[in-house]
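Q: This is the content of model.cif (mmCIF, C-alpha atoms):
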```
data_coords
#
loop_
_atom_site.group_PDB
_atom_site.id
_atom_site.type_symbol
_atom_site.label_atom_id
_atom_site.label_comp_id
_atom_site.auth_asym_id
_atom_site.auth_seq_id
_atom_site.Cartn_x
_atom_site.Cartn_y
_atom_site.Cartn_z
ATOM 1 C CA MET O 1 -9.412 -2.947 -7.884
ATOM 2 C CA LEU O 2 -5.880 -4.194 -8.497
ATOM 3 C CA ALA O 3 -6.173 -4.090 -12.296
ATOM 4 C CA SER O 4 -3.427 -2.053 -13.982
ATOM 5 C CA THR O 5 -1.465 -1.732 -17.220
ATOM 6 C CA ASP O 6 2.252 -2.052 -17.891
ATOM 7 C CA GLY O 7 2.560 1.720 -18.043
ATOM 8 C CA ASP O 8 1.283 2.175 -14.494
ATOM 9 C CA ARG O 9 4.662 2.568 -12.834
ATOM 10 C CA PRO O 10 5.594 3.275 -10.178
ATOM 11 C CA LEU O 11 2.408 1.738 -8.789
ATOM 12 C CA GLY O 12 1.205 1.764 -5.195
ATOM 13 C CA VAL O 13 -1.489 -0.281 -3.472
ATOM 14 C CA GLN O 14 -3.296 1.168 -0.473
ATOM 15 C CA LEU O 15 -4.480 -0.872 2.504
ATOM 16 C CA LEU O 16 -7.260 0.073 4.898
ATOM 17 C CA GLY O 17 -7.793 -1.702 8.201
ATOM 18 C CA CYS O 18 -7.152 -1.835 11.926
ATOM 19 C CA GLU O 19 -6.900 -5.552 12.770
ATOM 20 C CA GLU O 20 -3.571 -7.301 12.446
ATOM 21 C CA LYS O 21 -4.904 -10.630 11.171
ATOM 22 C CA TYR O 22 -6.744 -9.011 8.276
ATOM 23 C CA ILE O 23 -3.790 -6.806 7.373
ATOM 24 C CA LEU O 24 -1.560 -9.884 7.225
ATOM 25 C CA LYS O 25 -4.169 -11.650 5.089
ATOM 26 C CA ALA O 26 -4.214 -8.659 2.735
ATOM 27 C CA LEU O 27 -0.429 -8.811 2.402
ATOM 28 C CA ASP O 28 -0.698 -12.495 1.444
ATOM 29 C CA ILE O 29 -3.291 -11.643 -1.220
ATOM 30 C CA LEU O 30 -1.058 -8.892 -2.615
ATOM 31 C CA ALA O 31 2.087 -11.022 -2.782
ATOM 32 C CA PRO O 32 1.635 -12.270 -6.416
ATOM 33 C CA TYR O 33 0.829 -8.827 -7.828
ATOM 34 C CA ALA O 34 3.370 -6.524 -9.453
ATOM 35 C CA PHE O 35 3.505 -3.165 -7.683
ATOM 36 C CA ASP O 36 6.127 -0.958 -6.087
ATOM 37 C CA VAL O 37 4.785 0.557 -2.856
ATOM 38 C CA ILE O 38 2.320 -0.320 -0.101
ATOM 39 C CA ASP O 39 0.491 2.671 1.378
ATOM 40 C CA PHE O 40 -1.482 2.441 4.613
ATOM 41 C CA ASN O 41 -4.564 4.638 4.911
ATOM 42 C CA ALA O 42 -4.812 6.501 8.195
ATOM 43 C CA ALA O 43 -6.551 9.498 6.623
ATOM 44 C CA CYS O 44 -9.957 8.482 5.264
ATOM 45 C CA PRO O 45 -12.664 10.528 7.048
ATOM 46 C CA ALA O 46 -15.676 8.554 5.776
ATOM 47 C CA ARG O 47 -18.137 7.762 8.547
ATOM 48 C CA LYS O 48 -18.388 4.054 7.683
ATOM 49 C CA VAL O 49 -14.582 3.817 7.891
ATOM 50 C CA VAL O 50 -13.914 5.666 11.149
ATOM 51 C CA ARG O 51 -16.836 3.844 12.758
ATOM 52 C CA ARG O 52 -14.727 0.673 12.380
ATOM 53 C CA CYS O 53 -11.735 2.455 13.983
ATOM 54 C CA GLU O 54 -10.007 2.555 10.578
ATOM 55 C CA GLY O 55 -8.684 5.390 8.446
ATOM 56 C CA ALA O 56 -8.463 8.729 10.253
ATOM 57 C CA ALA O 57 -9.743 7.136 13.482
ATOM 58 C CA LEU O 58 -6.240 5.733 13.960
ATOM 59 C CA LEU O 59 -4.944 9.291 14.447
ATOM 60 C CA LYS O 60 -6.577 9.117 17.887
ATOM 61 C CA GLU O 61 -4.448 6.035 18.666
ATOM 62 C CA PRO O 62 -0.903 6.866 17.469
ATOM 63 C CA LYS O 63 0.692 3.930 19.295
ATOM 64 C CA LYS O 64 -1.714 1.458 17.715
ATOM 65 C CA LEU O 65 -1.026 3.007 14.328
ATOM 66 C CA ARG O 66 2.709 2.659 14.880
ATOM 67 C CA LYS O 67 2.225 -1.021 15.775
ATOM 68 C CA LEU O 68 0.223 -1.667 12.599
ATOM 69 C CA LEU O 69 2.820 0.109 10.460
ATOM 70 C CA SER O 70 5.625 -1.928 12.047
ATOM 71 C CA LEU O 71 3.670 -5.099 11.292
ATOM 72 C CA ILE O 72 3.365 -4.204 7.606
ATOM 73 C CA VAL O 73 7.021 -3.181 7.308
ATOM 74 C CA LYS O 74 8.157 -6.477 8.843
ATOM 75 C CA ASN O 75 5.952 -8.579 6.569
ATOM 76 C CA THR O 76 6.751 -7.143 3.161
ATOM 77 C CA GLU O 77 9.887 -6.456 1.162
ATOM 78 C CA ARG O 78 8.288 -3.482 -0.555
ATOM 79 C CA PRO O 79 8.646 0.072 0.766
ATOM 80 C CA VAL O 80 5.744 1.144 2.963
ATOM 81 C CA THR O 81 4.207 4.632 3.188
ATOM 82 C CA VAL O 82 1.356 6.038 5.236
ATOM 83 C CA LYS O 83 -1.375 8.578 4.487
ATOM 84 C CA ILE O 84 -2.422 10.786 7.405
ATOM 85 C CA ARG O 85 -4.259 14.023 8.179
ATOM 86 C CA THR O 86 -3.204 16.854 10.467
ATOM 87 C CA GLY O 87 -5.209 15.315 13.315
ATOM 88 C CA TRP O 88 -8.694 14.285 14.396
ATOM 89 C CA ASP O 89 -9.892 17.842 15.008
ATOM 90 C CA THR O 90 -8.363 21.292 15.432
ATOM 91 C CA SER O 91 -7.913 20.736 19.190
ATOM 92 C CA SER O 92 -5.903 17.539 18.635
ATOM 93 C CA VAL O 93 -3.531 18.298 15.752
ATOM 94 C CA ASN O 94 -0.882 15.606 16.217
ATOM 95 C CA ALA O 95 0.544 15.031 12.746
ATOM 96 C CA VAL O 96 4.117 15.764 13.829
ATOM 97 C CA ASN O 97 4.020 13.109 16.554
ATOM 98 C CA VAL O 98 2.285 10.609 14.249
ATOM 99 C CA ALA O 99 4.863 11.252 11.525
ATOM 100 C CA ARG O 100 7.763 10.662 13.905
ATOM 101 C CA LEU O 101 6.223 7.407 15.137
ATOM 102 C CA ALA O 102 5.671 6.316 11.530
ATOM 103 C CA GLU O 103 9.290 7.005 10.627
ATOM 104 C CA ASP O 104 10.378 5.071 13.710
ATOM 105 C CA ALA O 105 8.234 2.136 12.509
ATOM 106 C CA GLY O 106 10.217 1.965 9.268
ATOM 107 C CA ILE O 107 7.915 3.965 6.995
ATOM 108 C CA LYS O 108 9.643 5.285 3.852
ATOM 109 C CA GLY O 109 7.361 8.225 3.107
ATOM 110 C CA ILE O 110 4.425 10.184 4.509
ATOM 111 C CA PHE O 111 1.418 11.471 2.594
ATOM 112 C CA ILE O 112 -0.404 14.188 4.515
ATOM 113 C CA HIS O 113 -3.722 15.870 3.787
ATOM 114 C CA GLY O 114 -3.719 19.368 5.234
ATOM 115 C CA ARG O 115 -7.016 19.096 7.114
ATOM 116 C CA THR O 116 -8.296 17.277 10.193
ATOM 117 C CA LYS O 117 -10.737 14.390 10.051
ATOM 118 C CA LEU O 118 -13.637 16.568 11.192
ATOM 119 C CA GLU O 119 -12.889 19.153 8.490
ATOM 120 C CA GLU O 120 -13.017 16.399 5.886
ATOM 121 C CA TYR O 121 -12.755 18.285 2.557
ATOM 122 C CA SER O 122 -13.841 21.760 3.664
ATOM 123 C CA GLY O 123 -12.059 24.658 5.274
ATOM 124 C CA GLU O 124 -8.579 26.080 4.803
ATOM 125 C CA ILE O 125 -5.483 23.960 4.253
ATOM 126 C CA ASP O 126 -3.109 23.859 7.239
ATOM 127 C CA TYR O 127 0.130 24.561 5.391
ATOM 128 C CA ALA O 128 1.953 25.287 8.660
ATOM 129 C CA THR O 129 1.432 21.783 10.067
ATOM 130 C CA ILE O 130 2.569 20.162 6.814
ATOM 131 C CA LYS O 131 5.702 22.315 7.011
ATOM 132 C CA GLN O 132 6.289 21.179 10.606
ATOM 133 C CA VAL O 133 5.936 17.540 9.581
ATOM 134 C CA LYS O 134 8.466 18.066 6.783
ATOM 135 C CA ARG O 135 10.946 19.518 9.275
ATOM 136 C CA ALA O 136 10.305 16.779 11.850
ATOM 137 C CA VAL O 137 11.223 13.750 9.732
ATOM 138 C CA SER O 138 13.992 12.760 7.332
ATOM 139 C CA ILE O 139 11.789 10.750 4.961
ATOM 140 C CA PRO O 140 9.894 12.239 1.984
ATOM 141 C CA VAL O 141 6.704 14.156 2.759
ATOM 142 C CA ILE O 142 4.044 14.314 0.030
ATOM 143 C CA ALA O 143 1.305 16.883 0.600
ATOM 144 C CA SER O 144 -2.318 17.002 -0.525
ATOM 145 C CA GLY O 145 -5.457 19.054 -0.124
ATOM 146 C CA ASN O 146 -7.079 21.652 -2.392
ATOM 147 C CA ILE O 147 -4.603 21.146 -5.212
ATOM 148 C CA LEU O 148 -7.228 22.177 -7.724
ATOM 149 C CA SER O 149 -4.963 24.208 -10.018
ATOM 150 C CA ALA O 150 -1.336 24.709 -10.990
ATOM 151 C CA ILE O 151 -1.162 27.859 -8.841
ATOM 152 C CA LEU O 152 -2.372 25.979 -5.754
ATOM 153 C CA ALA O 153 0.133 23.211 -6.474
ATOM 154 C CA LYS O 154 2.968 25.752 -6.473
ATOM 155 C CA LYS O 155 1.621 27.298 -3.271
ATOM 156 C CA MET O 156 1.754 23.893 -1.578
ATOM 157 C CA PHE O 157 5.420 23.452 -2.526
ATOM 158 C CA ASP O 158 6.354 27.038 -1.627
ATOM 159 C CA ASP O 159 4.518 27.186 1.720
ATOM 160 C CA THR O 160 5.431 23.738 3.066
ATOM 161 C CA GLY O 161 8.744 22.684 1.496
ATOM 162 C CA CYS O 162 7.178 19.294 0.776
ATOM 163 C CA ASP O 163 8.949 16.790 -1.465
ATOM 164 C CA GLY O 164 5.925 16.095 -3.638
ATOM 165 C CA ILE O 165 2.186 16.527 -3.994
ATOM 166 C CA THR O 166 -0.801 14.350 -4.808
ATOM 167 C CA VAL O 167 -3.492 15.649 -7.136
ATOM 168 C CA ALA O 168 -6.821 14.029 -6.301
ATOM 169 C CA ARG O 169 -10.111 15.850 -6.938
ATOM 170 C CA GLY O 170 -8.237 18.432 -8.998
ATOM 171 C CA SER O 171 -7.732 15.908 -11.783
ATOM 172 C CA LEU O 172 -11.394 14.887 -12.073
ATOM 173 C CA GLY O 173 -12.495 16.097 -15.491
ATOM 174 C CA ASN O 174 -9.179 17.913 -15.813
ATOM 175 C CA PRO O 175 -6.346 15.535 -16.796
ATOM 176 C CA TRP O 176 -4.535 18.582 -18.207
ATOM 177 C CA ILE O 177 -3.752 19.768 -14.688
ATOM 178 C CA PHE O 178 -0.529 17.733 -14.583
ATOM 179 C CA LYS O 179 0.856 19.453 -17.691
ATOM 180 C CA GLU O 180 -0.185 22.818 -16.240
ATOM 181 C CA ILE O 181 1.559 22.087 -12.911
ATOM 182 C CA ALA O 182 4.733 20.977 -14.708
ATOM 183 C CA ALA O 183 4.830 24.251 -16.670
ATOM 184 C CA VAL O 184 4.292 26.447 -13.593
ATOM 185 C CA MET O 185 6.893 24.584 -11.548
ATOM 186 C CA LYS O 186 9.452 24.743 -14.365
ATOM 187 C CA ASP O 187 9.375 28.445 -15.208
ATOM 188 C CA GLY O 188 6.235 29.961 -13.716
ATOM 189 C CA ARG O 189 4.514 29.821 -17.085
ATOM 190 C CA MET O 190 0.760 29.341 -17.319
ATOM 191 C CA ILE O 191 -0.280 27.305 -20.355
ATOM 192 C CA GLU O 192 -3.549 27.676 -22.179
ATOM 193 C CA HIS O 193 -6.409 25.498 -20.936
ATOM 194 C CA PRO O 194 -7.732 22.981 -23.502
ATOM 195 C CA SER O 195 -10.301 23.999 -26.075
ATOM 196 C CA LEU O 196 -13.858 22.683 -25.991
ATOM 197 C CA LYS O 197 -12.962 20.499 -28.974
ATOM 198 C CA GLU O 198 -10.139 18.847 -26.983
ATOM 199 C CA ILE O 199 -12.360 18.392 -23.930
ATOM 200 C CA ILE O 200 -14.978 16.639 -26.054
ATOM 201 C CA SER O 201 -12.329 14.405 -27.639
ATOM 202 C CA VAL O 202 -11.001 13.313 -24.236
ATOM 203 C CA MET O 203 -14.527 12.732 -22.897
ATOM 204 C CA LEU O 204 -15.275 10.375 -25.784
ATOM 205 C CA LYS O 205 -11.998 8.488 -25.215
ATOM 206 C CA HIS O 206 -12.735 8.244 -21.488
ATOM 207 C CA LEU O 207 -16.211 6.889 -22.192
ATOM 208 C CA GLU O 208 -14.772 4.278 -24.586
ATOM 209 C CA ALA O 209 -12.190 3.204 -21.996
ATOM 210 C CA ASN O 210 -14.843 2.931 -19.287
ATOM 211 C CA ILE O 211 -17.024 0.711 -21.450
ATOM 212 C CA ALA O 212 -14.090 -1.416 -22.648
ATOM 213 C CA PHE O 213 -13.166 -2.170 -19.031
ATOM 214 C CA TYR O 214 -16.545 -2.363 -17.267
ATOM 215 C CA GLY O 215 -18.966 -3.155 -20.088
ATOM 216 C CA GLU O 216 -21.577 -0.721 -21.412
ATOM 217 C CA ARG O 217 -24.073 -0.767 -18.532
ATOM 218 C CA ARG O 218 -21.630 -0.170 -15.680
ATOM 219 C CA GLY O 219 -19.238 1.864 -17.798
ATOM 220 C CA VAL O 220 -21.964 4.363 -18.651
ATOM 221 C CA LEU O 221 -23.197 4.464 -15.054
ATOM 222 C CA LEU O 222 -19.720 5.255 -13.745
ATOM 223 C CA PHE O 223 -19.109 7.866 -16.426
ATOM 224 C CA ARG O 224 -22.062 10.000 -15.322
ATOM 225 C CA LYS O 225 -20.128 11.774 -12.559
ATOM 226 C CA PHE O 226 -17.247 12.494 -14.936
ATOM 227 C CA PHE O 227 -19.630 14.245 -17.326
ATOM 228 C CA SER O 228 -20.238 16.835 -14.603
ATOM 229 C CA SER O 229 -16.520 17.152 -13.877
ATOM 230 C CA TYR O 230 -15.499 17.676 -17.509
ATOM 231 C CA THR O 231 -18.220 20.280 -18.075
ATOM 232 C CA LYS O 232 -17.574 22.338 -14.945
ATOM 233 C CA GLY O 233 -17.614 26.032 -15.791
ATOM 234 C CA LEU O 234 -19.297 25.677 -19.180
ATOM 235 C CA ARG O 235 -22.186 28.041 -19.838
ATOM 236 C CA ASN O 236 -25.803 26.828 -19.926
ATOM 237 C CA ILE O 237 -24.726 23.292 -19.021
ATOM 238 C CA ARG O 238 -27.402 22.443 -16.426
ATOM 239 C CA PRO O 239 -29.943 20.864 -18.848
ATOM 240 C CA LEU O 240 -27.305 18.533 -20.308
ATOM 241 C CA ARG O 241 -26.031 17.601 -16.845
ATOM 242 C CA GLU O 242 -29.531 16.693 -15.732
ATOM 243 C CA LYS O 243 -29.906 14.438 -18.772
ATOM 244 C CA ALA O 244 -26.452 12.943 -18.137
ATOM 245 C CA SER O 245 -27.539 11.856 -14.656
ATOM 246 C CA ARG O 246 -30.134 9.558 -16.235
ATOM 247 C CA VAL O 247 -28.410 8.121 -19.337
ATOM 248 C CA LYS O 248 -28.072 4.350 -19.654
ATOM 249 C CA THR O 249 -26.478 3.687 -23.053
ATOM 250 C CA LYS O 250 -23.286 4.611 -24.858
ATOM 251 C CA LYS O 251 -25.272 6.223 -27.670
ATOM 252 C CA GLU O 252 -27.107 8.484 -25.230
ATOM 253 C CA VAL O 253 -23.865 9.678 -23.613
ATOM 254 C CA GLU O 254 -22.191 10.274 -26.964
ATOM 255 C CA GLY O 255 -25.185 12.368 -28.006
ATOM 256 C CA LEU O 256 -24.850 14.569 -24.916
ATOM 257 C CA ILE O 257 -21.088 14.949 -25.355
ATOM 258 C CA ASN O 258 -21.425 15.928 -28.996
ATOM 259 C CA ALA O 259 -24.177 18.398 -28.046
ATOM 260 C CA LEU O 260 -21.498 20.413 -26.216
ATOM 261 C CA HIS O 261 -20.239 21.821 -29.545
#
```
Represent the structure contained in this file as structure tokens.
A:
Amino acid sequence: MLASTDGDRPLGVQLLGCEEKYILKALDILAPYAFDVIDFNAACPARKVVRRCEGAALLKEPKKLRKLLSLIVKNTERPVTVKIRTGWDTSSVNAVNVARLAEDAGIKGIFIHGRTKLEEYSGEIDYATIKQVKRAVSIPVIASGNILSAILAKKMFDDTGCDGITVARGSLGNPWIFKEIAAVMKDGRMIEHPSLKEIISVMLKHLEANIAFYGERRGVLLFRKFFSSYTKGLRNIRPLREKASRVKTKKEVEGLINALH
């Protein structure tokens, strides 16, 4: 999970946990690796994570979270950031308080997803709370949530005043989104979405990279979900997607990709 290339800079490593001894052990493991930032995850809403009092569960214990963040800051020379959500649920939105405690603990930046834990990845983005967090602290605030297009990226900047954004699900099957965001932010210009020929070319390169890193069996298995992402919105795609969910070899995947022509 820590594999990277020389071009991956600046590079951050994210930690997940709630027990001090294991967090310190993780910092020891990370010490020999070359990276630039340590991010602490207090945002993950996955059931298996919050059940262990990790991720977004820490939003219910702001003082404990502050203590963990202070521990990390004191035991590394690298800058430390934290990823949070607006709160546990809509009746306990406490991101402003959590952000202030994080800054007090020595955190250098805050990533905030504009939903509560219980909302997970559904519902509207709470732009107002992100804006309040930005006003409450003096450190950079990087916003996320529903940045699925260049227009939504601009809306996040305009509505919150955030210092930066993270593009997560919006980049799955759409690596062109970054170029599109850059164009919109520069002069409001929308650039043309890639042609089917370009999409196919990138899919083949992605498949090759997957197999080169993981080997054919696992590389093909992991590529299945990306097939669906790359082909989102294409007409009459269901039969090919169904076949893609069962492929096992590089040749089979290449055949399905080339059938998109």
Q: To one decimal in Å, tell me the separation between CA of Asp39 in chain O and CA of Thr86 in chain O.
A: 17.2 Å
Q: Dig up all the protein and nucleic acid residues within 8 Å of (-23.1, 16.5, -13.7) in the file frame, using only C-alpha atoms, and format them as a VMD selection string.
A: chain O and resid 224 to 229 231 238 241 to 242 244 to 245
Q: Looking at all atoms listed in the file, which of O:Ile125, O:Val133, O:Leu207, O:Ile177 is the one that sits closest to Lys155 in chain O?
A: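 The closest residue to Lys155 in chain O is O:Ile125.
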Q: O:Trp176, O:Ile151, O:Ile72, O:Ile112: which is nearest Gly188 in chain O, counting all atoms listed in the file?
A: O:Ile151
Q: Could you jot down the CA of Arg218 in chain O to CA of Lys250 in chain O separation for me, Å, one decimal place?
A: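 CA of Lys250 in chain O lies at a distance of 10.5 Å from CA of Arg218 in chain O.
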Q: Just to confirm, what's the straight-line distance from CA of Lys134 in chain O to CA of Ile107 in chain O in Å (one decimal)?
A: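 Computing it gives 14.1 Å between the two atoms.
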Q: Please provide the set of residues having any atom within 12 Å of range 91-96 of chain O, restricted to all atoms listed in the file, with same-chain residues fewer than 2 positions apart removed, written as a PyMOL selection string.
A: chain O and resi 42-43+56+58-62+82-89+98-103+110-119+126+128-137+141
Q: For Lys154 in chain O, work out the shell of residues within 8 Å, counting all atoms listed in the file and skipping chain neighbours fewer than 6 positions away, then give it as a list in words.
A: Ile181, Val184 and Met185 of chain O
Q: Got time to write the residues from that selection, C-alpha atoms, as a PDB file, in the frame of the given file?
A:
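Contents of the output file selection-v9.pdb:
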```
ATOM      1  CA  ILE O 181       1.559  22.087 -12.911  1.00  0.00           C
ATOM      2  CA  VAL O 184       4.292  26.447 -13.593  1.00  0.00           C
ATOM      3  CA  MET O 185       6.893  24.584 -11.548  1.00  0.00           C
TER       4      MET O 185
END
```
Q: What's the 12 Å shell around Ile199 in chain O, counting all atoms listed in the file, without same-chain residues fewer than 4 positions away, as a PyMOL selection string?
A: chain O and resi 173-176+193-195+203-206+226-227+229-232+234+257-258+260-261
Q: Which residues come within 12 Å of Tyr22 in chain O, counting all atoms listed in the file, excluding same-chain residues fewer than 6 positions away, as a list in words?
A: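 Returned residues: Leu15, Leu16, Asp28, Ile29, Leu68, Leu71 and Ile72 of chain O.
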Q: Can you spell out as a PyMOL selection string the set of residues that the PyMOL selection byres ((chain O and resi 30-36) around 9) selects in the structure I just provided?
A: chain O and resi 2+8-13+25-29+37-38+76+78-79
Q: Which of these residues is nearest to Leu24 in chain O, using all atoms listed in the file: O:Leu240, O:Arg189, O:Ser70, O:Phe223?
A: O:Ser70
Q: Missing atoms in range 93-110 of chain O: can you complete it with N, CA and C atoms, as a PDB file, in the frame of the given file?
A:
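To be explicit, this is the file written out as part_37.pdb:
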```
ATOM      1  N   VAL O  93      -4.427  18.394  16.900  1.00  0.00           N
ATOM      2  CA  VAL O  93      -3.531  18.298  15.752  1.00  0.00           C
ATOM      3  C   VAL O  93      -2.235  17.623  16.192  1.00  0.00           C
ATOM      4  N   ASN O  94      -2.030  16.392  15.735  1.00  0.00           N
ATOM      5  CA  ASN O  94      -0.882  15.606  16.217  1.00  0.00           C
ATOM      6  C   ASN O  94      -0.064  14.994  15.085  1.00  0.00           C
ATOM      7  N   ALA O  95      -0.132  15.608  13.912  1.00  0.00           N
ATOM      8  CA  ALA O  95       0.544  15.031  12.746  1.00  0.00           C
ATOM      9  C   ALA O  95       2.046  14.897  12.928  1.00  0.00           C
ATOM     10  N   VAL O  96       2.667  15.833  13.629  1.00  0.00           N
ATOM     11  CA  VAL O  96       4.117  15.764  13.829  1.00  0.00           C
ATOM     12  C   VAL O  96       4.485  14.525  14.640  1.00  0.00           C
ATOM     13  N   ASN O  97       3.765  14.290  15.733  1.00  0.00           N
ATOM     14  CA  ASN O  97       4.020  13.109  16.554  1.00  0.00           C
ATOM     15  C   ASN O  97       3.750  11.823  15.785  1.00  0.00           C
ATOM     16  N   VAL O  98       2.635  11.785  15.044  1.00  0.00           N
ATOM     17  CA  VAL O  98       2.285  10.609  14.249  1.00  0.00           C
ATOM     18  C   VAL O  98       3.355  10.347  13.194  1.00  0.00           C
ATOM     19  N   ALA O  99       3.834  11.403  12.560  1.00  0.00           N
ATOM     20  CA  ALA O  99       4.863  11.252  11.525  1.00  0.00           C
ATOM     21  C   ALA O  99       6.163  10.691  12.097  1.00  0.00           C
ATOM     22  N   ARG O 100       6.538  11.171  13.267  1.00  0.00           N
ATOM     23  CA  ARG O 100       7.763  10.662  13.905  1.00  0.00           C
ATOM     24  C   ARG O 100       7.620   9.186  14.273  1.00  0.00           C
ATOM     25  N   LEU O 101       6.466   8.808  14.794  1.00  0.00           N
ATOM     26  CA  LEU O 101       6.223   7.407  15.137  1.00  0.00           C
ATOM     27  C   LEU O 101       6.245   6.540  13.873  1.00  0.00           C
ATOM     28  N   ALA O 102       5.693   7.060  12.791  1.00  0.00           N
ATOM     29  CA  ALA O 102       5.671   6.316  11.530  1.00  0.00           C
ATOM     30  C   ALA O 102       7.082   6.098  11.010  1.00  0.00           C
ATOM     31  N   GLU O 103       7.891   7.139  11.074  1.00  0.00           N
ATOM     32  CA  GLU O 103       9.290   7.005  10.627  1.00  0.00           C
ATOM     33  C   GLU O 103      10.023   5.986  11.493  1.00  0.00           C
ATOM     34  N   ASP O 104       9.753   6.020  12.787  1.00  0.00           N
ATOM     35  CA  ASP O 104      10.378   5.071  13.710  1.00  0.00           C
ATOM     36  C   ASP O 104       9.957   3.631  13.415  1.00  0.00           C
ATOM     37  N   ALA O 105       8.746   3.469  12.840  1.00  0.00           N
ATOM     38  CA  ALA O 105       8.234   2.136  12.509  1.00  0.00           C
ATOM     39  C   ALA O 105       8.821   1.599  11.205  1.00  0.00           C
ATOM     40  N   GLY O 106       9.598   2.420  10.504  1.00  0.00           N
ATOM     41  CA  GLY O 106      10.217   1.965   9.268  1.00  0.00           C
ATOM     42  C   GLY O 106       9.545   2.466   7.997  1.00  0.00           C
ATOM     43  N   ILE O 107       8.627   3.401   8.146  1.00  0.00           N
ATOM     44  CA  ILE O 107       7.915   3.965   6.995  1.00  0.00           C
ATOM     45  C   ILE O 107       8.894   4.752   6.124  1.00  0.00           C
ATOM     46  N   LYS O 108       8.717   4.654   4.800  1.00  0.00           N
ATOM     47  CA  LYS O 108       9.643   5.285   3.852  1.00  0.00           C
ATOM     48  C   LYS O 108       9.143   6.615   3.300  1.00  0.00           C
ATOM     49  N   GLY O 109       7.895   6.964   3.595  1.00  0.00           N
ATOM     50  CA  GLY O 109       7.361   8.225   3.107  1.00  0.00           C
ATOM     51  C   GLY O 109       6.017   8.502   3.749  1.00  0.00           C
ATOM     52  N   ILE O 110       5.684   9.794   3.874  1.00  0.00           N
ATOM     53  CA  ILE O 110       4.425  10.184   4.509  1.00  0.00           C
ATOM     54  C   ILE O 110       3.619  11.055   3.556  1.00  0.00           C
TER      55      ILE O 110
END
```
